[in-house]
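Participant: Following this line is protein_39.cif, made up of mmCIF, C-alpha atoms:
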```cif
data_data
#
loop_
_atom_site.label_atom_id
_atom_site.label_comp_id
_atom_site.auth_asym_id
_atom_site.auth_seq_id
_atom_site.Cartn_x
_atom_site.Cartn_y
_atom_site.Cartn_z
CA MET A 1 116.77 -2.79 46.04
CA ILE A 2 119.49 -0.54 44.71
CA ALA A 3 121.68 -1.57 41.78
CA VAL A 4 124.39 0.62 40.29
CA GLN A 5 126.67 -0.38 37.45
CA LEU A 6 129.31 0.96 35.09
CA SER A 7 129.36 -0.95 31.84
CA GLU A 8 131.74 -1.20 28.89
CA ILE A 9 129.02 -2.95 26.86
CA PRO A 10 125.67 -1.56 25.62
CA LEU A 11 122.99 -1.11 28.29
CA ASP A 12 119.96 -3.39 28.17
CA THR A 13 117.12 -0.98 28.95
CA SER A 14 114.44 -3.70 29.18
CA ALA A 15 116.47 -5.70 31.66
CA ILE A 16 117.15 -2.59 33.78
CA ILE A 17 113.42 -1.75 33.86
CA ALA A 18 112.56 -5.35 34.73
CA SER A 19 115.05 -5.23 37.59
CA VAL A 20 113.03 -2.55 39.43
CA GLN A 21 109.59 -4.15 38.98
CA ASP A 22 107.98 -4.69 42.36
CA GLU A 23 104.45 -5.84 43.17
CA ARG A 24 104.11 -3.13 45.80
CA SER A 25 104.79 -0.41 43.21
CA GLY A 26 102.23 1.47 41.16
CA ALA A 27 104.76 3.31 39.02
CA ILE A 28 108.09 2.91 37.29
CA ASP A 29 109.80 6.00 35.89
CA VAL A 30 112.73 5.60 33.50
CA PHE A 31 115.29 8.12 32.27
CA ILE A 32 117.37 7.19 29.24
CA GLY A 33 120.25 9.49 28.30
CA THR A 34 121.27 9.24 24.64
CA VAL A 35 124.13 10.63 22.56
CA ARG A 36 123.07 13.71 20.56
CA ASN A 37 124.49 14.16 17.04
CA GLN A 38 125.35 17.83 17.47
CA THR A 39 126.44 20.37 20.03
CA LYS A 40 126.21 24.14 19.38
CA GLY A 41 125.74 23.43 15.68
CA LYS A 42 128.79 21.15 15.33
CA THR A 43 128.39 17.53 14.27
CA VAL A 44 129.30 15.08 17.01
CA HIS A 45 130.51 11.66 15.86
CA ARG A 46 130.81 9.90 19.15
CA LEU A 47 131.38 10.36 22.86
CA GLU A 48 134.17 8.77 24.86
CA TYR A 49 133.39 8.19 28.55
CA GLU A 50 135.71 7.46 31.42
CA ALA A 51 135.20 7.21 35.18
CA TYR A 52 137.02 7.00 38.47
CA GLU A 53 135.26 3.71 38.88
CA PRO A 54 135.38 2.91 42.62
CA MET A 55 134.37 6.46 43.55
CA ALA A 56 131.73 6.70 40.80
CA LEU A 57 130.05 3.51 42.04
CA LYS A 58 130.17 4.73 45.63
CA GLU A 59 128.73 8.18 44.78
CA LEU A 60 126.05 6.68 42.56
CA ARG A 61 124.98 4.27 45.30
CA SER A 62 124.85 7.07 47.87
CA ILE A 63 122.66 9.19 45.54
CA CYS A 64 120.30 6.24 45.00
CA GLU A 65 120.11 5.59 48.75
CA GLU A 66 119.19 9.22 49.37
CA ALA A 67 116.49 9.06 46.66
CA GLN A 68 115.14 5.79 48.05
CA GLN A 69 114.70 7.35 51.49
CA ARG A 70 113.28 10.67 50.33
CA TRP A 71 110.69 9.23 47.91
CA ASN A 72 110.01 5.84 49.47
CA ALA A 73 111.24 3.98 46.40
CA HIS A 74 111.02 0.21 46.29
CA ALA A 75 113.83 -0.16 43.81
CA ILE A 76 116.31 2.05 41.96
CA ALA A 77 118.71 1.00 39.22
CA ALA A 78 121.30 3.37 37.73
CA HIS A 79 123.56 2.05 34.98
CA HIS A 80 126.13 4.17 33.11
CA ARG A 81 128.10 3.25 30.00
CA LEU A 82 131.84 3.79 29.70
CA GLY A 83 134.03 3.74 26.62
CA THR A 84 133.01 4.88 23.13
CA ILE A 85 129.34 5.47 22.27
CA GLU A 86 128.23 6.41 18.76
CA THR A 87 125.48 9.01 18.25
CA GLY A 88 122.05 7.64 19.08
CA GLY A 89 123.53 5.21 21.59
CA ILE A 90 122.47 5.01 25.22
CA ALA A 91 124.81 6.51 27.81
CA VAL A 92 122.78 6.16 31.00
CA VAL A 93 119.60 4.50 32.26
CA VAL A 94 117.92 5.29 35.59
CA ALA A 95 114.80 3.32 36.61
CA VAL A 96 112.81 3.88 39.80
CA SER A 97 109.76 2.07 41.20
CA THR A 98 107.55 3.68 43.84
CA PRO A 99 104.00 3.22 45.17
CA HIS A 100 102.72 6.33 43.31
CA ARG A 101 103.86 8.11 40.13
CA ALA A 102 104.74 11.55 41.51
CA ASP A 103 107.48 10.05 43.67
CA ALA A 104 108.83 7.98 40.78
CA PHE A 105 109.22 11.08 38.58
CA ALA A 106 110.83 13.09 41.40
CA ALA A 107 113.23 10.36 42.49
CA CYS A 108 114.32 9.61 38.93
CA GLN A 109 115.00 13.27 38.20
CA PHE A 110 116.95 13.64 41.44
CA VAL A 111 119.17 10.66 40.59
CA ILE A 112 120.07 11.83 37.06
CA ASP A 113 120.47 15.50 38.08
CA THR A 114 122.71 14.65 41.04
CA LEU A 115 124.68 12.11 38.99
CA LYS A 116 125.54 14.90 36.55
CA GLU A 117 126.65 17.15 39.42
CA ARG A 118 128.92 14.91 41.43
CA VAL A 119 129.62 11.42 40.08
CA PRO A 120 133.20 11.31 38.71
CA ILE A 121 132.43 10.40 35.10
CA TRP A 122 133.71 12.43 32.12
CA LYS A 123 132.89 12.55 28.44
CA LYS A 124 134.80 13.79 25.45
CA GLU A 125 132.98 14.92 22.30
CA VAL A 126 134.65 13.90 19.04
CA PHE A 127 134.02 16.21 16.04
CA ASP A 128 135.25 16.25 12.42
CA ASP A 129 138.06 18.63 13.32
CA GLY A 130 138.97 17.73 16.88
CA GLU A 131 137.76 16.69 20.28
CA VAL A 132 136.92 18.37 23.56
CA TRP A 133 136.24 17.32 27.15
CA VAL A 134 132.72 18.43 27.94
CA THR A 135 132.45 21.02 30.70
CA PRO A 136 129.22 21.22 32.66
CA HIS A 137 126.72 23.82 31.50
CA ALA A 138 124.19 25.58 33.68
CA MET B 1 155.54 8.52 53.01
CA THR B 2 154.33 7.38 49.62
CA ILE B 3 151.02 8.39 48.04
CA THR B 4 149.39 7.83 44.67
CA ILE B 5 147.69 10.55 42.63
CA LYS B 6 145.22 9.53 39.94
CA PHE B 7 144.32 11.72 36.96
CA PHE B 8 141.29 11.63 34.70
CA ALA B 9 140.00 13.27 31.52
CA LEU B 10 141.75 16.60 30.76
CA GLY B 11 143.93 16.28 33.87
CA ARG B 12 145.22 12.90 32.66
CA GLU B 13 146.00 14.32 29.22
CA LEU B 14 147.82 17.37 30.62
CA VAL B 15 149.99 15.30 32.97
CA GLY B 16 150.45 12.53 30.41
CA ALA B 17 149.86 9.77 32.97
CA ASN B 18 146.98 7.91 34.62
CA ALA B 19 148.73 8.04 37.97
CA LEU B 20 151.86 9.29 39.72
CA THR B 21 153.52 7.96 42.84
CA LEU B 22 154.98 10.66 45.09
CA ASP B 23 157.40 10.38 47.99
CA LEU B 24 156.53 13.19 50.39
CA SER B 25 157.65 14.25 53.83
CA ASP B 26 155.28 13.51 56.72
CA GLY B 27 152.74 16.22 57.34
CA THR B 28 152.32 17.19 53.66
CA THR B 29 148.81 18.38 52.82
CA ILE B 30 146.89 17.77 49.60
CA GLU B 31 147.79 21.35 48.62
CA GLY B 32 151.48 20.51 49.17
CA ALA B 33 151.22 17.39 47.02
CA LEU B 34 149.63 19.45 44.24
CA ALA B 35 152.58 21.84 44.36
CA HIS B 36 154.88 18.87 43.66
CA VAL B 37 152.72 17.86 40.70
CA ARG B 38 152.86 21.39 39.26
CA ALA B 39 156.65 21.46 39.69
CA GLN B 40 157.13 18.13 37.90
CA HIS B 41 154.41 18.68 35.27
CA PRO B 42 154.01 22.42 34.56
CA THR B 43 151.20 21.68 32.06
CA PHE B 44 149.03 20.56 35.01
CA ALA B 45 148.53 24.27 35.80
CA GLN B 46 146.45 24.49 32.58
CA LEU B 47 143.66 22.50 34.22
CA PRO B 48 141.19 25.35 34.82
CA SER B 49 139.37 23.92 37.83
CA PHE B 50 139.12 20.69 39.75
CA LEU B 51 138.12 19.10 43.03
CA VAL B 52 140.19 16.54 44.89
CA ALA B 53 139.15 13.20 46.33
CA LEU B 54 141.06 11.40 49.06
CA ASN B 55 140.55 7.63 49.17
CA THR B 56 137.40 8.05 47.00
CA GLU B 57 135.77 10.83 49.08
CA TYR B 58 135.71 14.52 48.10
CA ALA B 59 138.20 16.32 50.38
CA GLU B 60 139.49 19.80 51.29
CA GLN B 61 142.95 20.74 49.99
CA SER B 62 144.09 21.52 53.54
CA THR B 63 143.71 17.83 54.53
CA MET B 64 146.92 16.20 55.73
CA LEU B 65 148.06 13.10 53.82
CA LYS B 66 149.25 9.82 55.26
CA ASN B 67 151.28 6.94 53.89
CA GLY B 68 149.40 4.86 51.30
CA ASP B 69 146.74 7.51 50.54
CA GLU B 70 145.14 7.62 47.10
CA LEU B 71 144.49 11.14 45.90
CA ALA B 72 142.44 11.82 42.77
CA ILE B 73 142.18 15.00 40.71
CA ILE B 74 138.54 15.44 39.69
CA PRO B 75 138.03 17.88 36.79
CA PRO B 76 134.45 19.18 36.40
CA VAL B 77 132.35 16.04 35.92
CA SER B 78 130.22 15.50 32.80
CA GLY B 79 128.47 12.16 33.16
CA GLY B 80 125.00 11.46 31.85
#
```
Write the structure described by the file as structure tokens, please.
Facilitator:
Amino acid sequence: MIAVQLSEIPLDTSAIIASVQDERSGAIDVFIGTVRNQTKGKTVHRLEYEAYEPMALKELRSICEEAQQRWNAHAIAAHHRLGTIETGGIAVVVAVSTPHRADAFAACQFVIDTLKERVPIWKKEVFDDGEVWVTPHA
Amino acid sequence: MTITIKFFALGRELVGANALTLDLSDGTTIEGALAHVRAQHPTFAQLPSFLVALNTEYAEQSTMLKNGDELAIIPPVSGG
């Protein structure tokens, strides 16, 4: 099972985890990306996300399919928020179920790392004195 | 031929539009279409780096366009 979603409403982490539960699995690994309240010492008030939605869904699904094959995952769910998220809010949830834990960790990390590299989603940081589109850092 | 170009994030702000429709002569490449965008919207040149996607797949700028294509300007992504 692979499920990818872009959502304008808050992500339901419990429901996403439940969606990958599988009796054949011995492990579920979950990554939750949250909005930090500062960047390089400056206070961040909120993030504003946007996506090229049809391409983002397609890329995200292709990343999950690759992870499923490489690590023998039973189920992978990757949900990303769009729109405005206040600090502390959840921006992304990736959940993976596999027979054994090492594969769950590896597959989950691959999905979030590759998402950040190539899925067309952008975020803008809003500060007290302005706003800036985030550029990827090494 | 007619194509659509979509803009996102900083690219959208620099051009001041979510999308443009361009009428181009047959045989125009992605690179050629981008030259039209820069001519109409000089601020687009301020976008430091970007990739392009053709019909929702990453593409080379030398690719030839055809009628009805959807081109997208993809500034460096920052999801997650």
Participant: Report the distance between atom CA of A:Pro99 and atom CA of A:Ala73 in Å, rounded to one decimal place.
Facilitator: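 Atom-to-atom, atom CA of A:Pro99 to atom CA of A:Ala73, that is 7.4 Å.
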Participant: Mind listing as a ChimeraX atom specification which residues of chain B are within 7 Å of chain A, counting all atoms listed in the file?
Facilitator: /B:9-10,56,74,76-80
Participant: My list of candidates is B:Ile30, B:Ala45, B:Leu54, B:Leu24. Which is closest to B:Asp69 when distances are computed with only C-alpha atoms?
Facilitator: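 Under the stated criterion, the closest residue is B:Leu54.
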Participant: List the residues matched by the PyMOL selection byres ((chain B and resi 32-44) around 9) in the displayed structure as a PyMOL selection string, ordered by chain and then by residue number.
Facilitator: chain B and resi 5+11-12+14-16+20+22+24+28-31+45-47+61-62+65
Participant: What does the structure give for the distance between atom CA of A:Thr98 and atom CA of A:Pro10, in Å to one decimal?
Facilitator: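 Interatomic distance here is 26.2 Å.
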Participant: Report, in Å to a single decimal, how far apart atom CA of A:Ile76 and atom CA of A:Met1 are.
Facilitator: 6.3 Å
Participant: With a distance cut-off of 12 Å and all atoms listed in the file, select the neighbouring residues of A:Ser14, excluding the residue or stretch itself and same-chain residues fewer than 2 positions from it, and output the selection as JSON, numbers by chain.
Facilitator: {"A": [10, 11, 12, 16, 17, 18, 19, 20, 21, 30, 32, 77, 93, 94, 95]}
Participant: Can you list, as a tab-separated table (two decimals) with C-alpha atoms, in the frame of the given file, the residues that the PyMOL selection byres ((chain B and resi 71) around 7) selects here?
Facilitator:
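Listing of expr-v1.tsv after writing:
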```tsv
chain	number	residue	atom	x	y	z
B	4	THR	CA	149.39	7.83	44.67
B	5	ILE	CA	147.69	10.55	42.63
B	6	LYS	CA	145.22	9.53	39.94
B	52	VAL	CA	140.19	16.54	44.89
B	53	ALA	CA	139.15	13.20	46.33
B	54	LEU	CA	141.06	11.40	49.06
B	55	ASN	CA	140.55	7.63	49.17
B	69	ASP	CA	146.74	7.51	50.54
B	70	GLU	CA	145.14	7.62	47.10
B	72	ALA	CA	142.44	11.82	42.77
B	73	ILE	CA	142.18	15.00	40.71
```
Participant: Please evaluate the PyMOL selection byres ((chain A and resi 126) around 9) against the displayed coordinates and give the resulting residues as a count of residues only.
Facilitator: 15
Participant: Within 9 Å of (123.2, 4.0, 45.7) (file coordinates; only C-alpha atoms), which protein or nucleic acid residues are there? I'd like them as a VMD selection string.
Facilitator: chain A and resid 2 to 4 57 to 68 76 to 78
Participant: What does the file look like for those residues with C-alpha atoms, as a PDB file, keeping the file's coordinate frame?
Facilitator:
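Saved result, result_14.pdb, follows:
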```
ATOM      1  CA  ILE A   2     119.490  -0.540  44.710  1.00  0.00           C
ATOM      2  CA  ALA A   3     121.680  -1.570  41.780  1.00  0.00           C
ATOM      3  CA  VAL A   4     124.390   0.620  40.290  1.00  0.00           C
ATOM      4  CA  LEU A  57     130.050   3.510  42.040  1.00  0.00           C
ATOM      5  CA  LYS A  58     130.170   4.730  45.630  1.00  0.00           C
ATOM      6  CA  GLU A  59     128.730   8.180  44.780  1.00  0.00           C
ATOM      7  CA  LEU A  60     126.050   6.680  42.560  1.00  0.00           C
ATOM      8  CA  ARG A  61     124.980   4.270  45.300  1.00  0.00           C
ATOM      9  CA  SER A  62     124.850   7.070  47.870  1.00  0.00           C
ATOM     10  CA  ILE A  63     122.660   9.190  45.540  1.00  0.00           C
ATOM     11  CA  CYS A  64     120.300   6.240  45.000  1.00  0.00           C
ATOM     12  CA  GLU A  65     120.110   5.590  48.750  1.00  0.00           C
ATOM     13  CA  GLU A  66     119.190   9.220  49.370  1.00  0.00           C
ATOM     14  CA  ALA A  67     116.490   9.060  46.660  1.00  0.00           C
ATOM     15  CA  GLN A  68     115.140   5.790  48.050  1.00  0.00           C
ATOM     16  CA  ILE A  76     116.310   2.050  41.960  1.00  0.00           C
ATOM     17  CA  ALA A  77     118.710   1.000  39.220  1.00  0.00           C
ATOM     18  CA  ALA A  78     121.300   3.370  37.730  1.00  0.00           C
TER      19      ALA A  78
END
```
Participant: Which of these residues is nearest to A:Trp71, using all atoms listed in the file: A:Arg24, A:Arg101, A:Lys42, A:Arg36?
Facilitator: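 Ranked by minimum distance to A:Trp71, first place goes to A:Arg101.
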